[in-house]
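Read the structure below first, then the notes.
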Amino acid sequence: MSDKTFENIWDALPFPAFVVSSDHRIEHANAAAEQLVSTSQKQMKNKALSHLFHEDSIVVGTLKQAIKDKGSVTQYNVDVAIADKRAASCNIYVSFLDATQTDLLLVVQPNGAAQKMSQSLTNLAAARSVTAMAAMLAHEIRNPLAGISGAAQLLAMNASDDDIELADMIGQETRRIGQLVDRVEHFGDLRPMTPKPVNIHDVLDRARVAAEAGHAAGVLFRLDYDPSLPDVAGDADQLLQVFQNILKNSAEAVSGKRGEITIRSSYNSGVKLAMQGHKTQNLPLHIEIIDNGCGIPDNLISEVFDPFVSSKSNGTGLGLSLVSKIIAAHGGLVECTSREGRTVFSVRLPVWQKKKGSI
Ligand SMILES: Nc1ncnc2c1ncn2[C@@H]1O[C@H](COP(=O)(O)OP(=O)(O)OP(=O)(O)O)[C@@H](O)[C@H]1O
Ligand SMILES: [Mg+2]
């Protein structure tokens with residue numbers, strides 16, 4: 001590709017990106033970056049990064065960290081103040097551009113409407129009140145439901161052929177409501193988790209074997225595991241549920257095609273999650289579930305982690321909200337990206353630390 005093409009790509013990127021030298025001087029900025037900081041390329045060139053972001057800002061801090069670690073660092077959900085504007089929540093990514101380790105790429109992405117990250121971390125309090133009410137309602141629905149399904153069974157015993165069909169339908173539909181109630185109740189279960197060391201590959205294998213025997217029969221699985229991965233700090237049963245739900249969706253998305261699902265695990269020491277009022281969490285364990293299915297409909301992508309969001313006629317829309325809730329309880333992060341033929345669910349989790357015996 002010619003330099004001109006690279007320049008065009010650089011300017012067309014929808015992410016504000018800078019090239020910064022290891023002594024913190026700005027060498028290039030793309031069009032999105034110019035817009036973010038309301039300063040032109042020319043004005044920025046050769047200026048210190050602290051001109052745009054304060055010297056003690058998290059942006060400069062992340063840059064220093066990447067230089068110190070000689071690697072890449074990602075920070076999620078951190079508050080960044082740009083010049084004299086109000087601080088906004090952003091994701092920051094810093095990485096060296098080449099092996100000589102002179103220039104770095106810095107991406108500062110504000111978390112706007114396009115954010116596809118699970119929001120559950122930020123609205124845990126709201127989730128608590130909603131789930132408590134859902135649990136109460138679920139409990140109250142069970143009794144009349146048992147009555148309806150019992151009555152339908154009695155009716156079916158003495159009914160004509162036509163009426164048997166209707167009685168069966170009542171039976172089927174009450175079972176469906178029953179399953180929904182089960183899931184809502186599960187969703188409302190907010191007992192605190194006690195983290196233990198969990199081998200994530202065991203969990204992934206259990207989820208895959210269960211999927212192969214059910215929803216994902218006939219789907220080709222590719223496993224790309226990093227065998228040196230340390231244990232996760234978490235709850236094995238809850239994590240199993242997470243990957244079962246994700247795999248179920250992937251299997252449903254690829255059904256009727258030459259379905260392929262890749263399960264990948266890797267280690268990336270540079271990923272950190274910063275939450276207001278909490279200490280920064282290292283999330284080096286990275287699990288990706290990639291499928292070649294239909295992709296998530298555009299109008300749903302920003303909401304897939306919300307409860308009751310579903311494009312399926314028989315879906316409850318609770319699968320991914322449960323995923324998001326469990327991962328949030330682990331102090332982790334779940335995100336997704338999707339286009340037709342490639343949907344990626346990416347889960348980042350903390351490592352089990354022996355000494356502290358906790359996350
Ligand atoms: N891998 C995927 N490929 C395409 N679309 C997906 C994928 N995963 C999730 N979705 C979309 O996200 C929606 C929400 O998923 P979620 O698991 O929360 O609910 P559901 O699958 O519809 O219902 P349930 O999990 O109760 O069966 C789905 O209806 C689907 O539209
Ligand atoms: Mg689902």
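To be explicit about the labels: the chains of the structure tokens are called A, B, and onward in the order shown, and within each one the residues are counted from 1, while ligands get numbers from 1 in the order they are shown.
Taking only C-alpha atoms, the non-local environment of Pro227 of chain A within 10 Å (same-chain residues fewer than 5 positions away omitted) comprises A:His201, A:Ser265, A:Ser266.
Once only C-alpha atoms and all ligand atoms are used for the distance check, the residues close to ligand 2 at 9 Å turn out to be Asn245, Ile246, Leu247, Lys248, Asn249, Ser250, Glu252, Ser310, Lys312, Gly315, Thr316, Gly317, Leu318, Gly319 and Leu320 of chain A.
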For the selection just defined, write its residues with N, CA and C atoms to a file, as a short mmCIF file (atom, residue, chain, number, x, y, z; two decimals), in the first residue's frame.
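Writing the result to part06.cif gives the following:
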```cif
data_model
loop_
_atom_site.label_atom_id
_atom_site.label_comp_id
_atom_site.auth_asym_id
_atom_site.auth_seq_id
_atom_site.Cartn_x
_atom_site.Cartn_y
_atom_site.Cartn_z
N ASN A 245 -24.03 -20.19 27.92
CA ASN A 245 -24.95 -19.22 27.31
C ASN A 245 -24.36 -18.62 26.04
N ILE A 246 -23.05 -18.30 26.08
CA ILE A 246 -22.43 -17.71 24.89
C ILE A 246 -22.40 -18.74 23.75
N LEU A 247 -22.03 -19.99 24.10
CA LEU A 247 -21.96 -21.03 23.06
C LEU A 247 -23.34 -21.34 22.49
N LYS A 248 -24.36 -21.28 23.35
CA LYS A 248 -25.72 -21.55 22.87
C LYS A 248 -26.10 -20.51 21.81
N ASN A 249 -25.80 -19.25 22.10
CA ASN A 249 -26.09 -18.19 21.12
C ASN A 249 -25.32 -18.41 19.83
N SER A 250 -24.02 -18.75 19.96
CA SER A 250 -23.20 -18.95 18.76
C SER A 250 -23.77 -20.11 17.95
N GLU A 252 -26.79 -21.20 17.88
CA GLU A 252 -28.06 -20.79 17.25
C GLU A 252 -27.79 -19.89 16.04
N SER A 310 -34.08 -9.71 22.73
CA SER A 310 -33.94 -10.95 21.96
C SER A 310 -34.46 -10.77 20.55
N LYS A 312 -35.08 -13.64 18.92
CA LYS A 312 -35.56 -15.01 18.66
C LYS A 312 -37.00 -15.15 19.13
N GLY A 315 -36.89 -16.83 22.41
CA GLY A 315 -35.79 -16.43 23.31
C GLY A 315 -36.32 -15.63 24.49
N THR A 316 -35.67 -15.78 25.64
CA THR A 316 -36.08 -14.97 26.80
C THR A 316 -35.28 -13.67 26.83
N GLY A 317 -34.15 -13.65 26.15
CA GLY A 317 -33.30 -12.46 26.21
C GLY A 317 -32.59 -12.31 27.55
N LEU A 318 -32.50 -13.42 28.28
CA LEU A 318 -31.83 -13.34 29.58
C LEU A 318 -30.43 -13.93 29.55
N GLY A 319 -30.11 -14.67 28.46
CA GLY A 319 -28.81 -15.36 28.41
C GLY A 319 -27.64 -14.42 28.62
N LEU A 320 -27.57 -13.36 27.82
CA LEU A 320 -26.39 -12.48 27.89
C LEU A 320 -26.44 -11.56 29.10
#
```
Using only C-alpha atoms and all ligand atoms, which residues of the polymer chains come no farther than 9 Å from ligand 1? I'd like the answer as a compact mmCIF listing (two decimals) with C-alpha atoms, in the first residue's frame.
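Listed below is the output, out07.txt:
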```
# COMPACT_ATOMS: atom_id res chain seq x y z
CA LEU A 180 -38.66 -18.23 32.02
CA ARG A 183 -34.18 -18.03 34.60
CA ASN A 245 -24.95 -19.22 27.31
CA ILE A 246 -22.43 -17.71 24.89
CA LEU A 247 -21.96 -21.03 23.06
CA LYS A 248 -25.72 -21.55 22.87
CA ASN A 249 -26.09 -18.19 21.12
CA SER A 250 -23.20 -18.95 18.76
CA ALA A 251 -24.65 -22.36 17.94
CA GLU A 252 -28.06 -20.79 17.25
CA ALA A 253 -26.40 -18.15 15.04
CA VAL A 254 -24.59 -20.72 12.87
CA ILE A 289 -15.76 -17.24 21.43
CA ILE A 290 -15.88 -16.56 17.70
CA ASP A 291 -18.59 -17.82 15.34
CA ASN A 292 -19.21 -17.50 11.63
CA GLY A 293 -22.96 -17.08 11.99
CA CYS A 294 -25.51 -14.47 10.98
CA GLY A 295 -24.13 -11.70 13.22
CA ILE A 296 -26.01 -9.57 15.73
CA PRO A 297 -28.66 -7.33 14.15
CA LEU A 300 -29.59 -4.83 18.89
CA ILE A 301 -25.83 -4.59 19.21
CA GLU A 303 -28.39 -3.66 23.95
CA VAL A 304 -27.58 -7.37 23.80
CA PHE A 305 -26.42 -7.42 27.43
CA ASP A 306 -29.70 -5.90 28.65
CA PRO A 307 -32.38 -8.25 29.98
CA PHE A 308 -35.26 -9.28 27.69
CA VAL A 309 -33.49 -8.18 24.51
CA SER A 310 -33.94 -10.95 21.96
CA SER A 311 -34.35 -11.43 18.23
CA LYS A 312 -35.56 -15.01 18.66
CA SER A 313 -39.22 -16.01 18.68
CA ASN A 314 -38.65 -18.33 21.63
CA GLY A 315 -35.79 -16.43 23.31
CA THR A 316 -36.08 -14.97 26.80
CA GLY A 317 -33.30 -12.46 26.21
CA LEU A 318 -31.83 -13.34 29.58
CA GLY A 319 -28.81 -15.36 28.41
CA LEU A 320 -26.39 -12.48 27.89
CA SER A 321 -27.65 -10.37 30.77
CA LEU A 322 -26.84 -13.30 33.04
CA VAL A 323 -23.42 -13.52 31.38
CA CYS A 336 -18.82 -8.18 21.74
CA SER A 338 -20.20 -8.49 15.28
CA ARG A 339 -20.70 -8.44 11.54
CA GLU A 340 -22.25 -11.04 9.29
CA GLY A 341 -20.01 -14.10 9.33
CA ARG A 342 -17.98 -13.10 12.37
CA THR A 343 -19.22 -12.48 15.90
CA VAL A 344 -16.74 -12.32 18.75
CA PHE A 345 -17.60 -12.49 22.44
```
Check your understanding: Do you know which residues are at most 9 Å from segment 137-154 of chain A counting only C-alpha atoms, after dropping those on the same chain fewer than 2 positions away, and could you put them as a ChimeraX atom specification?
Key -> /A:132-135,156-159,166-172,174-175,177-178,180-182,184-185
Taking C-alpha atoms for each residue, export the selection above as a tab-separated table (two decimals), in the first residue's frame.
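The resulting file, again04.tsv, is shown below:
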```
chain	number	residue	atom	x	y	z
A	132	ALA	CA	-35.07	-8.36	43.59
A	133	MET	CA	-38.46	-7.48	42.17
A	134	ALA	CA	-38.08	-10.01	39.37
A	135	ALA	CA	-37.25	-12.72	41.89
A	156	ALA	CA	-56.75	-33.47	28.52
A	157	MET	CA	-57.84	-36.73	30.11
A	158	ASN	CA	-61.51	-36.40	29.09
A	159	ALA	CA	-61.18	-34.16	26.07
A	166	LEU	CA	-55.50	-27.20	22.91
A	167	ALA	CA	-54.87	-28.71	26.34
A	168	ASP	CA	-51.41	-29.78	25.17
A	169	MET	CA	-50.76	-26.26	24.00
A	170	ILE	CA	-51.65	-24.94	27.47
A	171	GLY	CA	-49.22	-27.51	28.90
A	172	GLN	CA	-46.40	-26.49	26.53
A	174	THR	CA	-47.00	-23.13	30.86
A	175	ARG	CA	-43.74	-25.10	30.69
A	177	ILE	CA	-43.39	-19.73	31.35
A	178	GLY	CA	-41.93	-22.08	33.98
A	180	LEU	CA	-38.66	-18.23	32.02
A	181	VAL	CA	-39.49	-18.03	35.72
A	182	ASP	CA	-36.52	-20.31	36.48
A	184	VAL	CA	-35.59	-14.85	36.11
A	185	GLU	CA	-35.20	-16.39	39.55
```
Check your understanding: So which residues touch Glu288 of chain A within 6 Å, counting only C-alpha atoms, skipping near sequence neighbours fewer than 4 positions away, as a list in words?
Key -> Ile263, Arg264, Phe345 and Ser346 of chain A
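The coordinates place atom CA of Asn91 of chain A at 29.1 Å from atom CA of Val203 of chain A.
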Pick out the residues sitting within 7 Å of segment 68-78 of chain A, and hand them over as a PDB file with C-alpha atoms, in the first residue's frame; count only C-alpha atoms, and ignore anything fewer than 3 positions along from it in its own chain.
```pdb
ATOM      1  CA  THR A  62      -0.900   4.686  30.755  1.00  0.00           C
ATOM      2  CA  LYS A  64       4.429   5.649  31.067  1.00  0.00           C
ATOM      3  CA  GLN A  65       3.200   2.204  32.071  1.00  0.00           C
ATOM      4  CA  SER A  89     -15.304   8.022  30.490  1.00  0.00           C
ATOM      5  CA  CYS A  90     -12.893   6.553  27.910  1.00  0.00           C
ATOM      6  CA  ASN A  91     -11.030   3.407  27.000  1.00  0.00           C
ATOM      7  CA  ILE A  92      -7.292   3.932  26.470  1.00  0.00           C
ATOM      8  CA  TYR A  93      -4.987   1.715  24.426  1.00  0.00           C
ATOM      9  CA  VAL A  94      -1.216   2.185  24.188  1.00  0.00           C
ATOM     10  CA  SER A  95       1.196  -0.024  22.271  1.00  0.00           C
ATOM     11  CA  PHE A  96       4.668   0.254  20.737  1.00  0.00           C
ATOM     12  CA  GLY A 270      -1.526  -5.064  29.837  1.00  0.00           C
ATOM     13  CA  VAL A 271      -5.323  -5.078  30.268  1.00  0.00           C
ATOM     14  CA  LYS A 272      -6.630  -3.158  33.242  1.00  0.00           C
ATOM     15  CA  LEU A 273     -10.127  -2.143  34.254  1.00  0.00           C
ATOM     16  CA  ALA A 274     -10.468   1.075  36.208  1.00  0.00           C
ATOM     17  CA  MET A 275     -13.788   1.793  37.888  1.00  0.00           C
TER      18      MET A 275
END
```
